[in-house]
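With mmCIF, C-alpha atoms inside, this is run-v8.cif:
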```
data_protein
loop_
_atom_site.label_atom_id
_atom_site.label_comp_id
_atom_site.auth_asym_id
_atom_site.auth_seq_id
_atom_site.Cartn_x
_atom_site.Cartn_y
_atom_site.Cartn_z
CA MET A 1 -37.74 95.84 -35.74
CA SER A 2 -35.35 92.92 -35.49
CA VAL A 3 -31.84 92.26 -34.29
CA ILE A 4 -28.84 93.33 -36.39
CA VAL A 5 -27.07 90.11 -37.33
CA ALA A 6 -23.26 90.08 -37.21
CA PRO A 7 -21.90 86.78 -38.58
CA SER A 8 -18.48 85.94 -37.19
CA ILE A 9 -15.87 84.87 -39.71
CA LEU A 10 -14.13 82.89 -36.96
CA ALA A 11 -16.40 80.00 -37.96
CA ALA A 12 -16.37 80.65 -41.72
CA ASP A 13 -14.64 78.67 -44.47
CA TYR A 14 -11.46 80.71 -44.98
CA LEU A 15 -10.74 79.17 -48.38
CA ASN A 16 -14.04 80.59 -49.65
CA LEU A 17 -14.30 83.66 -47.44
CA GLY A 18 -15.41 86.07 -50.16
CA GLU A 19 -18.31 83.82 -51.08
CA GLN A 20 -19.18 83.24 -47.42
CA ILE A 21 -19.36 86.98 -46.80
CA LYS A 22 -21.58 87.56 -49.85
CA LEU A 23 -23.98 84.83 -48.71
CA VAL A 24 -24.68 86.45 -45.34
CA GLU A 25 -24.76 89.97 -46.74
CA ASN A 26 -27.35 89.01 -49.34
CA ALA A 27 -29.39 87.27 -46.63
CA GLY A 28 -29.74 90.47 -44.59
CA ALA A 29 -26.74 90.59 -42.27
CA LYS A 30 -25.63 94.16 -41.60
CA TYR A 31 -22.37 93.65 -39.71
CA LEU A 32 -19.41 91.30 -40.09
CA HIS A 33 -17.74 90.34 -36.82
CA ILE A 34 -13.96 89.92 -36.92
CA ASP A 35 -12.28 88.47 -33.81
CA ILE A 36 -8.67 89.52 -33.31
CA MET A 37 -6.95 87.20 -30.80
CA ASP A 38 -3.40 87.49 -29.52
CA GLY A 39 -2.72 84.15 -27.82
CA ASP A 40 -2.29 86.02 -24.54
CA PHE A 41 -5.56 87.66 -23.47
CA VAL A 42 -7.19 84.54 -24.93
CA PRO A 43 -5.41 81.27 -25.80
CA SER A 44 -6.14 81.37 -29.53
CA ILE A 45 -4.46 83.41 -32.28
CA SER A 46 -6.43 84.69 -35.26
CA TYR A 47 -6.05 87.38 -37.92
CA GLY A 48 -4.15 90.60 -38.41
CA PRO A 49 -5.10 93.95 -39.93
CA ASP A 50 -4.51 92.76 -43.50
CA TRP A 51 -7.64 90.59 -43.22
CA VAL A 52 -9.67 93.67 -42.36
CA LYS A 53 -8.07 95.63 -45.18
CA GLN A 54 -8.80 92.91 -47.75
CA ILE A 55 -12.42 92.53 -46.64
CA LYS A 56 -12.88 96.31 -46.78
CA ALA A 57 -11.42 96.38 -50.28
CA SER A 58 -13.68 93.56 -51.46
CA GLY A 59 -16.61 95.88 -51.97
CA SER A 60 -18.76 94.45 -49.18
CA LYS A 61 -21.18 96.96 -47.67
CA LEU A 62 -21.17 95.19 -44.29
CA THR A 63 -20.11 97.17 -41.23
CA LEU A 64 -16.79 95.70 -40.08
CA ASP A 65 -17.18 95.01 -36.36
CA VAL A 66 -13.64 94.33 -35.09
CA HIS A 67 -13.39 92.73 -31.65
CA LEU A 68 -9.92 93.07 -30.12
CA MET A 69 -9.41 90.15 -27.73
CA VAL A 70 -5.89 91.34 -26.97
CA ASN A 71 -3.94 92.72 -24.04
CA HIS A 72 -3.02 96.41 -24.28
CA PRO A 73 -5.27 97.10 -27.28
CA GLU A 74 -3.99 100.68 -27.41
CA LYS A 75 -0.96 99.38 -29.31
CA ILE A 76 -3.01 98.30 -32.34
CA ILE A 77 -6.14 100.47 -32.37
CA ASP A 78 -4.80 102.89 -34.97
CA THR A 79 -3.57 100.01 -37.15
CA PHE A 80 -7.01 98.43 -37.32
CA ALA A 81 -8.75 101.76 -37.81
CA ASP A 82 -6.43 102.47 -40.75
CA ALA A 83 -7.20 99.01 -42.15
CA GLY A 84 -10.90 99.87 -42.36
CA ALA A 85 -12.55 98.80 -39.10
CA ASP A 86 -15.88 100.58 -38.67
CA ILE A 87 -16.37 99.51 -35.05
CA ILE A 88 -13.51 98.61 -32.70
CA GLY A 89 -14.25 96.78 -29.46
CA VAL A 90 -11.85 96.67 -26.52
CA HIS A 91 -12.16 94.62 -23.33
CA VAL A 92 -12.26 96.51 -20.06
CA GLU A 93 -10.31 93.57 -18.59
CA ALA A 94 -7.47 93.98 -21.12
CA THR A 95 -6.24 97.46 -20.24
CA PRO A 96 -5.90 99.71 -17.20
CA HIS A 97 -6.60 102.63 -19.55
CA ILE A 98 -10.07 101.86 -20.92
CA HIS A 99 -11.02 105.54 -21.23
CA ARG A 100 -7.86 106.26 -23.23
CA ALA A 101 -8.43 103.23 -25.48
CA LEU A 102 -12.00 104.27 -26.27
CA GLN A 103 -10.87 107.83 -26.88
CA MET A 104 -8.24 106.55 -29.31
CA ILE A 105 -10.89 104.63 -31.26
CA LYS A 106 -13.07 107.70 -31.62
CA ASN A 107 -10.11 109.90 -32.54
CA ALA A 108 -9.24 107.38 -35.27
CA GLY A 109 -12.69 107.82 -36.80
CA ALA A 110 -14.20 104.46 -35.80
CA ARG A 111 -17.13 103.68 -33.53
CA ALA A 112 -16.04 102.78 -30.01
CA GLU A 113 -17.19 99.62 -28.24
CA VAL A 114 -16.43 98.44 -24.71
CA VAL A 115 -16.54 94.68 -24.06
CA ILE A 116 -17.16 92.75 -20.84
CA ASN A 117 -16.50 89.08 -20.07
CA PRO A 118 -18.99 86.86 -18.23
CA GLY A 119 -17.23 87.45 -14.91
CA THR A 120 -17.29 91.25 -15.24
CA PRO A 121 -20.17 93.33 -13.82
CA VAL A 122 -21.83 96.14 -15.75
CA ALA A 123 -20.90 98.53 -12.94
CA LEU A 124 -17.25 98.33 -13.99
CA ILE A 125 -17.96 100.05 -17.33
CA GLU A 126 -20.56 102.58 -16.19
CA PRO A 127 -17.96 105.40 -16.04
CA VAL A 128 -17.31 105.11 -19.79
CA LEU A 129 -20.79 104.32 -21.12
CA TYR A 130 -21.38 107.96 -22.02
CA MET A 131 -18.62 107.78 -24.64
CA VAL A 132 -19.35 104.47 -26.39
CA ASP A 133 -21.34 103.64 -29.49
CA GLN A 134 -21.75 99.98 -28.58
CA VAL A 135 -21.37 97.62 -25.62
CA LEU A 136 -20.54 93.96 -26.19
CA VAL A 137 -21.67 91.49 -23.53
CA MET A 138 -19.85 88.19 -23.92
CA THR A 139 -22.36 85.38 -23.54
CA VAL A 140 -19.57 82.78 -23.48
CA ASN A 141 -15.98 82.97 -22.28
CA PRO A 142 -13.96 84.55 -25.10
CA GLY A 143 -11.46 82.77 -27.30
CA PHE A 144 -13.26 79.76 -28.77
CA GLY A 145 -16.26 79.21 -31.04
CA GLY A 146 -19.02 76.68 -30.50
CA GLN A 147 -19.59 77.28 -26.77
CA LYS A 148 -22.93 77.07 -24.98
CA PHE A 149 -24.84 80.31 -24.38
CA LEU A 150 -24.72 81.58 -20.77
CA PRO A 151 -28.31 82.68 -20.03
CA GLU A 152 -27.35 84.58 -16.88
CA GLU A 153 -25.67 87.18 -19.10
CA ILE A 154 -29.09 88.36 -20.28
CA GLU A 155 -29.43 90.20 -16.97
CA LYS A 156 -26.47 92.38 -17.98
CA VAL A 157 -28.22 93.24 -21.23
CA ALA A 158 -31.28 94.35 -19.25
CA GLN A 159 -29.11 96.42 -16.91
CA LEU A 160 -27.50 98.15 -19.87
CA ARG A 161 -30.88 98.79 -21.48
CA ASP A 162 -32.16 100.39 -18.27
CA TYR A 163 -28.99 102.43 -17.78
CA LYS A 164 -29.20 103.67 -21.34
CA LYS A 165 -32.80 104.81 -20.88
CA SER A 166 -32.26 106.43 -17.48
CA HIS A 167 -29.19 108.37 -18.66
CA GLY A 168 -30.48 109.35 -22.10
CA LEU A 169 -27.79 107.40 -23.95
CA ASN A 170 -28.03 105.71 -27.34
CA PHE A 171 -25.45 102.91 -27.58
CA ASP A 172 -26.15 99.54 -29.19
CA ILE A 173 -26.04 96.41 -27.04
CA GLU A 174 -24.35 93.44 -28.69
CA ILE A 175 -24.05 89.83 -27.52
CA ASP A 176 -21.48 87.29 -28.65
CA GLY A 177 -21.39 83.55 -27.99
CA GLY A 178 -23.80 80.65 -28.29
CA VAL A 179 -26.29 82.68 -30.32
CA ASN A 180 -28.93 80.78 -32.28
CA ASP A 181 -32.57 81.30 -33.23
CA LYS A 182 -33.66 80.19 -29.74
CA THR A 183 -31.17 81.96 -27.45
CA ILE A 184 -31.51 85.23 -29.33
CA VAL A 185 -35.19 85.67 -28.44
CA GLU A 186 -34.84 86.35 -24.69
CA ALA A 187 -31.70 88.39 -25.28
CA TYR A 188 -33.58 90.53 -27.80
CA LYS A 189 -36.46 91.02 -25.37
CA ALA A 190 -33.96 92.19 -22.75
CA GLY A 191 -32.53 94.87 -25.03
CA THR A 192 -30.03 93.27 -27.40
CA THR A 193 -29.78 95.18 -30.67
CA VAL A 194 -26.83 93.37 -32.32
CA ALA A 195 -26.10 89.64 -32.21
CA VAL A 196 -22.86 87.94 -33.21
CA ALA A 197 -23.33 84.43 -34.56
CA GLY A 198 -20.47 82.25 -35.70
CA SER A 199 -20.94 78.50 -35.44
CA TYR A 200 -24.71 78.79 -35.84
CA VAL A 201 -24.43 80.68 -39.14
CA TYR A 202 -21.34 79.08 -40.63
CA ASP A 203 -22.14 75.43 -39.92
CA LYS A 204 -21.54 74.44 -43.58
CA VAL A 205 -25.28 73.84 -44.15
CA ASP A 206 -26.90 77.11 -45.26
CA PRO A 207 -25.44 80.36 -43.84
CA ALA A 208 -28.01 82.52 -45.61
CA ALA A 209 -30.92 80.58 -44.11
CA LYS A 210 -29.41 80.90 -40.63
CA VAL A 211 -29.11 84.67 -40.93
CA LYS A 212 -32.73 84.87 -42.04
CA LYS A 213 -33.81 82.70 -39.09
CA LEU A 214 -32.18 85.07 -36.62
CA ILE A 215 -33.88 88.05 -38.22
CA GLU A 216 -37.25 86.29 -38.32
CA ALA A 217 -36.91 85.13 -34.69
CA THR A 218 -36.62 88.76 -33.55
CA ASP A 219 -39.14 90.32 -35.91
CA PHE A 220 -41.36 91.77 -33.19
CA GLU A 221 -41.64 94.93 -31.13
CA VAL A 222 -40.23 95.08 -27.60
CA ASP A 223 -41.01 97.61 -24.90
#
```
What would you get if you wrote out this structure as structure tokens?
Amino acid sequence: MSVIVAPSILAADYLNLGEQIKLVENAGAKYLHIDIMDGDFVPSISYGPDWVKQIKASGSKLTLDVHLMVNHPEKIIDTFADAGADIIGVHVEATPHIHRALQMIKNAGARAEVVINPGTPVALIEPVLYMVDQVLVMTVNPGFGGQKFLPEEIEKVAQLRDYKKSHGLNFDIEIDGGVNDKTIVEAYKAGTTVAVAGSYVYDKVDPAAKVKKLIEATDFEVD
């Protein structure tokens, strides 16, 4: 077993995006992480649904893991599902209707993910864990690439792992932020199954080698 690697195109070379995606896919990445930012929930602004549609149409076999860092995500869930998102993540902090948002994702035929920021406890999402396919624990504050990994967030991963076991659930646990071949090890031991890596992978040196390093670093069994 090893972690599922989800390179984030936020750090990729946009002028050569097709090539950048092929590099990580051929190296063993299984997901492609696409951060949608609205300039409101987070300060930055990123892509729209046409990016997802074009990547889907490119022939890539990668699972498109779309992370909505937006307020009131209910307004755009169907748009991104129609564009080809396989997984859609919504922040519990971004909507007073998290159950409805997750239900919308599932009704649209995508896998539903709930996301929590560093300042948000796991207890806040326990009422909806039964209905999700994936939980994303932010290991940095959302909105910017290149931040330092927050090791205290590993405890949330362990809490989610234990909750999953005790309640007979089967969701994936994803982390996002500051991931490299060192920080991923303890997170994987704690129960991480999917790891987003942006700056570490797409540092303009060798994206394929970085993906392989993450896989190799977690190529061991955990209890």
Determine, counting only C-alpha atoms, which protein, DNA and RNA residues have an atom within 12 Å of an atom of Asp38 of chain A; residues of the same chain fewer than 6 positions away are not included. Present the result as a PDB file with C-alpha atoms, keeping the file's coordinate frame.
```pdb
ATOM      1  CA  SER A  44      -6.140  81.370 -29.530  1.00  0.00           C
ATOM      2  CA  ILE A  45      -4.460  83.410 -32.280  1.00  0.00           C
ATOM      3  CA  SER A  46      -6.430  84.690 -35.260  1.00  0.00           C
ATOM      4  CA  TYR A  47      -6.050  87.380 -37.920  1.00  0.00           C
ATOM      5  CA  GLY A  48      -4.150  90.600 -38.410  1.00  0.00           C
ATOM      6  CA  HIS A  67     -13.390  92.730 -31.650  1.00  0.00           C
ATOM      7  CA  LEU A  68      -9.920  93.070 -30.120  1.00  0.00           C
ATOM      8  CA  MET A  69      -9.410  90.150 -27.730  1.00  0.00           C
ATOM      9  CA  VAL A  70      -5.890  91.340 -26.970  1.00  0.00           C
ATOM     10  CA  ASN A  71      -3.940  92.720 -24.040  1.00  0.00           C
ATOM     11  CA  HIS A  72      -3.020  96.410 -24.280  1.00  0.00           C
ATOM     12  CA  PRO A  73      -5.270  97.100 -27.280  1.00  0.00           C
ATOM     13  CA  ILE A  76      -3.010  98.300 -32.340  1.00  0.00           C
ATOM     14  CA  ALA A  94      -7.470  93.980 -21.120  1.00  0.00           C
ATOM     15  CA  PRO A 142     -13.960  84.550 -25.100  1.00  0.00           C
ATOM     16  CA  GLY A 143     -11.460  82.770 -27.300  1.00  0.00           C
TER      17      GLY A 143
END
```
Kindly indicate which residue among A:Val122, A:Val132, A:Met138, A:Ala6 lies nearest to Leu160 of chain A, using only C-alpha atoms for the distances.
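Closest to Leu160 of chain A, using only C-alpha atoms: A:Val122.
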Just give me the residues with any atom within 12 Å of (-15.1, 110.1, -39.2), file coordinates, counting all atoms listed in the file, written as a ChimeraX atom specification.
/A:81-82,84-87,105-112
Please tabulate, as a Markdown table, the residues of segment 36-129 of chain A that come within 10 Å of segment 26-30 of chain A, each with its closest pair of atoms and the distance in Å to one decimal, counting all atoms listed in the file and ordering rows by chain, then residue number upward.
```
| residue | atom | partner | partner_atom | distance |
| --- | --- | --- | --- | --- |
| A:Lys61 | CA | A:Lys30 | CA | 8.0 |
| A:Leu62 | CA | A:Lys30 | CA | 5.3 |
| A:Thr63 | CA | A:Lys30 | CA | 6.3 |
| A:Leu64 | CA | A:Lys30 | CA | 9.1 |
| A:Asp65 | CA | A:Lys30 | CA | 10.0 |
```
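Relative to atom CA of Lys56 of chain A, atom CA of Val5 of chain A is found at 18.1 Å.
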Using all atoms listed in the file, which residue out of A:Asp206, A:Glu113, A:Glu153, A:Glu216 lies closest to Phe171 of chain A?
A:Glu113
May I ask you to restore N, CA, C and O atoms in segment 64-81 of chain A and write the result as a PDB file, in the coordinates of the input?
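What ended up in part17.pdb:
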```
ATOM      1  N   LEU A  64     -17.831  96.573 -40.617  1.00  0.00           N
ATOM      2  CA  LEU A  64     -16.790  95.700 -40.080  1.00  0.00           C
ATOM      3  C   LEU A  64     -16.639  95.948 -38.575  1.00  0.00           C
ATOM      4  O   LEU A  64     -16.151  96.994 -38.142  1.00  0.00           O
ATOM      5  N   ASP A  65     -17.091  94.963 -37.818  1.00  0.00           N
ATOM      6  CA  ASP A  65     -17.180  95.010 -36.360  1.00  0.00           C
ATOM      7  C   ASP A  65     -15.983  94.236 -35.800  1.00  0.00           C
ATOM      8  O   ASP A  65     -16.018  93.013 -35.697  1.00  0.00           O
ATOM      9  N   VAL A  66     -14.917  94.956 -35.461  1.00  0.00           N
ATOM     10  CA  VAL A  66     -13.640  94.330 -35.090  1.00  0.00           C
ATOM     11  C   VAL A  66     -13.528  94.250 -33.571  1.00  0.00           C
ATOM     12  O   VAL A  66     -13.537  95.272 -32.873  1.00  0.00           O
ATOM     13  N   HIS A  67     -13.410  93.026 -33.082  1.00  0.00           N
ATOM     14  CA  HIS A  67     -13.390  92.730 -31.650  1.00  0.00           C
ATOM     15  C   HIS A  67     -11.956  92.380 -31.249  1.00  0.00           C
ATOM     16  O   HIS A  67     -11.450  91.317 -31.594  1.00  0.00           O
ATOM     17  N   LEU A  68     -11.301  93.277 -30.523  1.00  0.00           N
ATOM     18  CA  LEU A  68      -9.920  93.070 -30.120  1.00  0.00           C
ATOM     19  C   LEU A  68      -9.862  92.283 -28.809  1.00  0.00           C
ATOM     20  O   LEU A  68     -10.031  92.848 -27.732  1.00  0.00           O
ATOM     21  N   MET A  69      -9.618  90.992 -28.917  1.00  0.00           N
ATOM     22  CA  MET A  69      -9.410  90.150 -27.730  1.00  0.00           C
ATOM     23  C   MET A  69      -7.910  90.070 -27.485  1.00  0.00           C
ATOM     24  O   MET A  69      -7.275  89.029 -27.659  1.00  0.00           O
ATOM     25  N   VAL A  70      -7.347  91.210 -27.108  1.00  0.00           N
ATOM     26  CA  VAL A  70      -5.890  91.340 -26.970  1.00  0.00           C
ATOM     27  C   VAL A  70      -5.571  92.158 -25.730  1.00  0.00           C
ATOM     28  O   VAL A  70      -6.333  93.056 -25.347  1.00  0.00           O
ATOM     29  N   ASN A  71      -4.438  91.869 -25.121  1.00  0.00           N
ATOM     30  CA  ASN A  71      -3.940  92.720 -24.040  1.00  0.00           C
ATOM     31  C   ASN A  71      -3.353  93.995 -24.624  1.00  0.00           C
ATOM     32  O   ASN A  71      -2.784  94.000 -25.719  1.00  0.00           O
ATOM     33  N   HIS A  72      -3.526  95.086 -23.880  1.00  0.00           N
ATOM     34  CA  HIS A  72      -3.020  96.410 -24.280  1.00  0.00           C
ATOM     35  C   HIS A  72      -3.461  96.770 -25.704  1.00  0.00           C
ATOM     36  O   HIS A  72      -2.635  97.019 -26.592  1.00  0.00           O
ATOM     37  N   PRO A  73      -4.760  96.824 -25.923  1.00  0.00           N
ATOM     38  CA  PRO A  73      -5.270  97.100 -27.280  1.00  0.00           C
ATOM     39  C   PRO A  73      -4.834  98.449 -27.826  1.00  0.00           C
ATOM     40  O   PRO A  73      -4.846  98.651 -29.043  1.00  0.00           O
ATOM     41  N   GLU A  74      -4.426  99.361 -26.945  1.00  0.00           N
ATOM     42  CA  GLU A  74      -3.990 100.680 -27.410  1.00  0.00           C
ATOM     43  C   GLU A  74      -2.878 100.580 -28.458  1.00  0.00           C
ATOM     44  O   GLU A  74      -2.745 101.461 -29.305  1.00  0.00           O
ATOM     45  N   LYS A  75      -2.094  99.527 -28.399  1.00  0.00           N
ATOM     46  CA  LYS A  75      -0.960  99.380 -29.310  1.00  0.00           C
ATOM     47  C   LYS A  75      -1.383  99.149 -30.763  1.00  0.00           C
ATOM     48  O   LYS A  75      -0.592  99.391 -31.678  1.00  0.00           O
ATOM     49  N   ILE A  76      -2.609  98.663 -30.975  1.00  0.00           N
ATOM     50  CA  ILE A  76      -3.010  98.300 -32.340  1.00  0.00           C
ATOM     51  C   ILE A  76      -4.299  98.970 -32.807  1.00  0.00           C
ATOM     52  O   ILE A  76      -4.744  98.726 -33.921  1.00  0.00           O
ATOM     53  N   ILE A  77      -4.883  99.804 -31.988  1.00  0.00           N
ATOM     54  CA  ILE A  77      -6.140 100.470 -32.370  1.00  0.00           C
ATOM     55  C   ILE A  77      -5.985 101.243 -33.674  1.00  0.00           C
ATOM     56  O   ILE A  77      -6.793 101.099 -34.606  1.00  0.00           O
ATOM     57  N   ASP A  78      -4.974 102.068 -33.767  1.00  0.00           N
ATOM     58  CA  ASP A  78      -4.800 102.890 -34.970  1.00  0.00           C
ATOM     59  C   ASP A  78      -4.564 102.017 -36.212  1.00  0.00           C
ATOM     60  O   ASP A  78      -5.038 102.341 -37.308  1.00  0.00           O
ATOM     61  N   THR A  79      -3.841 100.913 -36.031  1.00  0.00           N
ATOM     62  CA  THR A  79      -3.570 100.010 -37.150  1.00  0.00           C
ATOM     63  C   THR A  79      -4.855  99.441 -37.721  1.00  0.00           C
ATOM     64  O   THR A  79      -5.039  99.396 -38.951  1.00  0.00           O
ATOM     65  N   PHE A  80      -5.760  99.016 -36.845  1.00  0.00           N
ATOM     66  CA  PHE A  80      -7.010  98.430 -37.320  1.00  0.00           C
ATOM     67  C   PHE A  80      -7.977  99.489 -37.844  1.00  0.00           C
ATOM     68  O   PHE A  80      -8.734  99.238 -38.785  1.00  0.00           O
ATOM     69  N   ALA A  81      -7.941 100.665 -37.270  1.00  0.00           N
ATOM     70  CA  ALA A  81      -8.750 101.760 -37.810  1.00  0.00           C
ATOM     71  C   ALA A  81      -8.288 102.104 -39.226  1.00  0.00           C
ATOM     72  O   ALA A  81      -9.104 102.271 -40.140  1.00  0.00           O
TER      73      ALA A  81
END
```
